[in-house]
Every structure is written in C-alpha cells, then in structure tokens.
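First up is the structure itself, then whatever we jot down about it.
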Amino acid sequence: MAHLSRNKAPKNWPIKRKETKWTTRPKSGAHQIDRCITFNLVVKEMLNYASTTREVRYILNNKSVLVNKKPVVDSHLSIGFMDILEIPETKEAYRMILNKEGKFELIGLKKNLENLKPFKITGKKILKGKKLQLNLIDSKNILVEKDVYKTGDTVVVDLSKNLIHDHLKLEKGSEVFLLGGKHMGTHGEVTEIIKEKNLNEDRVLIKTQDSQFETLKKYVFVIEHKFLEK
C-alpha cells in the first residue's frame, strides 16, 4: 500500500495530522516504519522544496538529491536516524536525527563528518570461508576480518570507501542515544548493563544531566555526541 492515514502515522514524523487524510508510506526494507520517514515528506514537510508529489517527482527525475551518497529515484525511499541527505547543486548537506521531542529533524552536516555514518550492529553471521558479516541496523551488511565486534556495538562507516572508520562499544561509560521507548530522543551515558538469563529482555541504566532511568537494551544506540550537534 502506497499511502498511510496521517492519523496513524508514527508520532516522530513532523507533519500536520489534519491537513489531508493520507500521506506517503515508506518503502519497506532498510528501516522499520516507526524508525523512518519518506523522502517525499522530507522534501515537502521538512525542506519545503515542494508542495506536491508531482514536484517531488520532478526533483527525482533530475537525480539532484543524494541519500547516503546515492541518487534518490523513489519518493517512497525511507530515511532514518543518521542518514545523510545532500543536494550537490546547492551545496546543502544534512544529517537526520531525532530531537528531544522524539521527532525527526534535519541538522547541517559537518564538513569533517560528511562521509561518516554510524550503524548499530544488530547481528553477526559466519559466511563461507569463515568470513564474518556484521548485520547493521538499516539492513546494510559489511564484512570484517576480526571478530572484535558485539551485537549492540556501533560501527562508524566511511560511506565513500565502504570501510569501518571507528568502533564504539556498548559498555559502561558509553555515550548512547535512545531510538525507542518513553525516553526516545534522549542522549545519555550507560551506567550499567543488566543481562537477563530468562526470556526477559536485557536492560540498560542510563544517566543524563537531569535524571537516571532504565530502558531496554534494544532502544540503545551507541554514538558520539559530535554526530548529534547542530
């Protein structure tokens, strides 16, 4: 289905709920529906570069916008946390984040971070020839030589080279950002990781400047603050 009722759209979408009945549904694949927003809505609601889907398609036909270094050709393309959006013709470049209200927001892309995108490791897989594959949060996979990575860690990938630039471990003292739960959009520090031996999900204790709370490990994204700065 290509459309979605605005009233049922994820709460993190920065859209007006009662303006029209329908909005664009993200293309399935890279991101979960509540963890992304469509290119169509980014152009119309966030960048204000188009008022209709027809105008968005005109932009697409010119292949004038890049997401993660690749030209966008589908208005239903899903754009999620840490994705990089660039418009070479106007020299504009943005990174998608979640603000303190838990809504998607575009921030200017810093020059020294223009090729770098953090990915959370969601799983690992041994391939033929004993090669190790890391499964990343937005369906991207990357091969590594040494098994020094754990599920829940973050790898910072240089998109221009498709190589790992840095490895951020999920451990006590790690800087993290929350992608879900009632504290979604919060940046803090890990004070403890609680591993469950039964069917309950692992939990993490988080400390911020104002409070301390517990959340599920699955909501935690290890990330350096420089990627969130406006």
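All residue names refer to the structure tokens as shown: chains lettered A, B, ... in order, residues numbered from 1 in each chain, ligands numbered from 1 in order.
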Exercise. Do you know which residues are at most 8 Å from Leu60 of chain A counting only C-alpha atoms, after dropping those on the same chain fewer than 3 positions away, and could you put them as number ranges by chain?
Worked result: A: 56-57, 63-65, 72-75
How close does each residue of segment 59-169 of chain A get to segment 186-197 of chain A, giving the shortest atom pair and distance in Å to one decimal for every residue with an atom at most 9 Å away, counting only C-alpha atoms, sorted by chain and residue number, as a Markdown table?
```
| residue | atom | partner | partner_atom | distance |
| --- | --- | --- | --- | --- |
| A:Leu98 | CA | A:Thr186 | CA | 8.8 |
| A:Asn99 | CA | A:Thr186 | CA | 8.1 |
| A:Lys100 | CA | A:Thr186 | CA | 6.1 |
| A:Glu101 | CA | A:Thr186 | CA | 8.7 |
| A:Gly102 | CA | A:Thr186 | CA | 8.1 |
```
Problem set entry | Residues within 9 Å of His225 of chain A, only C-alpha atoms, excluding chain neighbours under 5 positions, as a list of chain:residue names | A:Glu175, A:Val176, A:Phe177, A:His187
For this session: Determine, counting only C-alpha atoms, which protein, DNA and RNA residues have an atom within 8 Å of an atom of Phe119 of chain A; residues of the same chain fewer than 2 positions away are not included. Present the result as a list of chain:residue names.
Result: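 Here the answer would be A:Lys117, A:Ile121, A:Leu136, A:Ile137, A:Asp138, A:Thr154, A:Val155, A:Val156, A:Val157.
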Could you make a table, as CSV, of the residues of segment 97-193 of chain A that have an atom within 8 Å of an atom of segment 34-48 of chain A, each with its nearest atom pair and distance in Å to one decimal, counting only C-alpha atoms, in chain and number order?
```
residue,atom,partner,partner_atom,distance
A:Phe104,CA,A:Ile37,CA,7.9
A:Glu105,CA,A:Met46,CA,7.8
A:Leu106,CA,A:Met46,CA,7.6
A:Leu179,CA,A:Arg35,CA,7.8
```
Just write the chosen residues, N, CA, C and O atoms, as a short mmCIF file (atom, residue, chain, number, x, y, z; two decimals), in the first residue's frame.
```
data_model
loop_
_atom_site.label_atom_id
_atom_site.label_comp_id
_atom_site.auth_asym_id
_atom_site.auth_seq_id
_atom_site.Cartn_x
_atom_site.Cartn_y
_atom_site.Cartn_z
N PHE A 104 11.66 13.57 14.04
CA PHE A 104 12.75 13.67 13.08
C PHE A 104 13.09 15.13 12.82
O PHE A 104 12.21 15.99 12.73
N GLU A 105 14.39 15.38 12.66
CA GLU A 105 14.87 16.73 12.40
C GLU A 105 16.14 16.64 11.55
O GLU A 105 16.97 15.74 11.75
N LEU A 106 16.29 17.57 10.62
CA LEU A 106 17.50 17.64 9.81
C LEU A 106 18.44 18.68 10.41
O LEU A 106 18.03 19.78 10.75
N LEU A 179 16.53 5.27 20.67
CA LEU A 179 15.70 5.27 19.46
C LEU A 179 14.26 4.82 19.73
O LEU A 179 13.45 4.81 18.80
#
```
For this session: Can you check which residues of segment 65-226 of chain A DSSP gives as helix (DSSP H, G or I) on the backbone and send them as an MDAnalysis selection string?
Result: chainID A and resid 111:113 128:130 217:219 225:226
For this session: Pick out the residues sitting within 12 Å of Asn68 of chain A, and hand them over as JSON, numbers by chain; count only C-alpha atoms, and ignore anything fewer than 6 positions along from it in its own chain.
Result: {"A": [77, 78, 79, 80, 81, 82, 83, 84, 85, 86, 87, 93, 94, 95, 96, 109, 114, 115, 116, 117, 118, 138, 140, 157, 158, 159, 160, 161, 162]}
For this session: List the neighbours of Leu134 of chain A out to 6 Å using only C-alpha atoms; skip same-chain residues closer than 2 positions along the sequence, and give me the result as a list of chain:residue names.
Result: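 Non-adjacent residues within range: A:Lys124, A:Asn141, A:Ile142.
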Problem set entry | One-decimal distance in Å that lies between atom CA of Val222 of chain A and atom CA of Thr151 of chain A | 11.2 Å
Can you pull out every residue within 8 Å of segment 214-220 of chain A, counting only C-alpha atoms, but drop anything in the same chain fewer than 4 positions away, and send it as a PDB file with N, CA and C atoms, in the first residue's frame?
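The resulting file, around-v8.pdb, is shown below:
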```
ATOM      1  N   GLY A 152      25.001  -4.851  19.370  1.00  0.00           N
ATOM      2  CA  GLY A 152      24.729  -3.699  20.228  1.00  0.00           C
ATOM      3  C   GLY A 152      25.793  -2.631  20.121  1.00  0.00           C
ATOM      4  N   VAL A 176      25.262   7.145  24.608  1.00  0.00           N
ATOM      5  CA  VAL A 176      24.212   6.474  23.843  1.00  0.00           C
ATOM      6  C   VAL A 176      23.066   7.427  23.549  1.00  0.00           C
ATOM      7  N   PHE A 177      22.300   7.068  22.533  1.00  0.00           N
ATOM      8  CA  PHE A 177      21.096   7.787  22.137  1.00  0.00           C
ATOM      9  C   PHE A 177      19.970   6.764  22.086  1.00  0.00           C
ATOM     10  N   LEU A 178      18.775   7.163  22.508  1.00  0.00           N
ATOM     11  CA  LEU A 178      17.665   6.218  22.579  1.00  0.00           C
ATOM     12  C   LEU A 178      16.732   6.382  21.387  1.00  0.00           C
ATOM     13  N   LEU A 179      16.526   5.265  20.669  1.00  0.00           N
ATOM     14  CA  LEU A 179      15.705   5.268  19.464  1.00  0.00           C
ATOM     15  C   LEU A 179      14.264   4.820  19.726  1.00  0.00           C
ATOM     16  N   GLY A 180      13.946   4.461  20.958  1.00  0.00           N
ATOM     17  CA  GLY A 180      12.590   3.997  21.254  1.00  0.00           C
ATOM     18  C   GLY A 180      12.287   4.132  22.729  1.00  0.00           C
ATOM     19  N   GLY A 181      11.049   3.743  23.096  1.00  0.00           N
ATOM     20  CA  GLY A 181      10.630   3.840  24.489  1.00  0.00           C
ATOM     21  C   GLY A 181      10.198   5.244  24.853  1.00  0.00           C
ATOM     22  N   ILE A 193      24.756  -2.318  32.493  1.00  0.00           N
ATOM     23  CA  ILE A 193      24.046  -3.182  31.542  1.00  0.00           C
ATOM     24  C   ILE A 193      23.564  -4.410  32.312  1.00  0.00           C
ATOM     25  N   GLU A 201      13.931  -9.220  28.341  1.00  0.00           N
ATOM     26  CA  GLU A 201      14.920  -8.524  27.516  1.00  0.00           C
ATOM     27  C   GLU A 201      15.976  -7.846  28.385  1.00  0.00           C
ATOM     28  N   ASP A 202      17.213  -7.794  27.875  1.00  0.00           N
ATOM     29  CA  ASP A 202      18.290  -7.109  28.580  1.00  0.00           C
ATOM     30  C   ASP A 202      17.946  -5.629  28.733  1.00  0.00           C
ATOM     31  N   ARG A 203      18.405  -5.057  29.853  1.00  0.00           N
ATOM     32  CA  ARG A 203      18.105  -3.659  30.148  1.00  0.00           C
ATOM     33  C   ARG A 203      19.393  -2.869  30.354  1.00  0.00           C
ATOM     34  N   VAL A 204      19.268  -1.551  30.267  1.00  0.00           N
ATOM     35  CA  VAL A 204      20.418  -0.662  30.439  1.00  0.00           C
ATOM     36  C   VAL A 204      20.021   0.495  31.346  1.00  0.00           C
ATOM     37  N   LEU A 205      20.892   0.838  32.296  1.00  0.00           N
ATOM     38  CA  LEU A 205      20.682   2.019  33.130  1.00  0.00           C
ATOM     39  C   LEU A 205      21.397   3.199  32.477  1.00  0.00           C
ATOM     40  N   ILE A 206      20.654   4.302  32.325  1.00  0.00           N
ATOM     41  CA  ILE A 206      21.157   5.481  31.636  1.00  0.00           C
ATOM     42  C   ILE A 206      21.189   6.672  32.586  1.00  0.00           C
TER      43      ILE A 206
END
```
For this session: Could you tell me how far atom CA of Lys146 of chain A lies from atom CA of Leu113 of chain A, in Å and to one decimal?
Result: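 Distance between the two atoms: 25.2 Å.
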Problem set entry | Computed interatomic separation between atom CA of Lys110 of chain A and atom CA of Asp153 of chain A (Å) |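 Pair atom CA of Lys110 of chain A / atom CA of Asp153 of chain A returns 23.3 Å.
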Exercise. Among segment 7-196 of chain A, which ones does DSSP place in strand (DSSP E or B), written as a PyMOL selection string?
Worked result: chain A and resi 22-24+36-38+66-67+70-71+78-80+84-87+92-98+104-108+116-126+132-136+141-144+154-158+163-168+175-178+187-194
Exercise. Taking into account only C-alpha atoms, which residue in the set A:Lys207, A:Lys131, A:Lys103, A:Lys111 is nearest to Gly185 of chain A?
Worked result: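 Between A:Lys207, A:Lys131, A:Lys103, A:Lys111, the residue approaching Gly185 of chain A most closely is A:Lys103.
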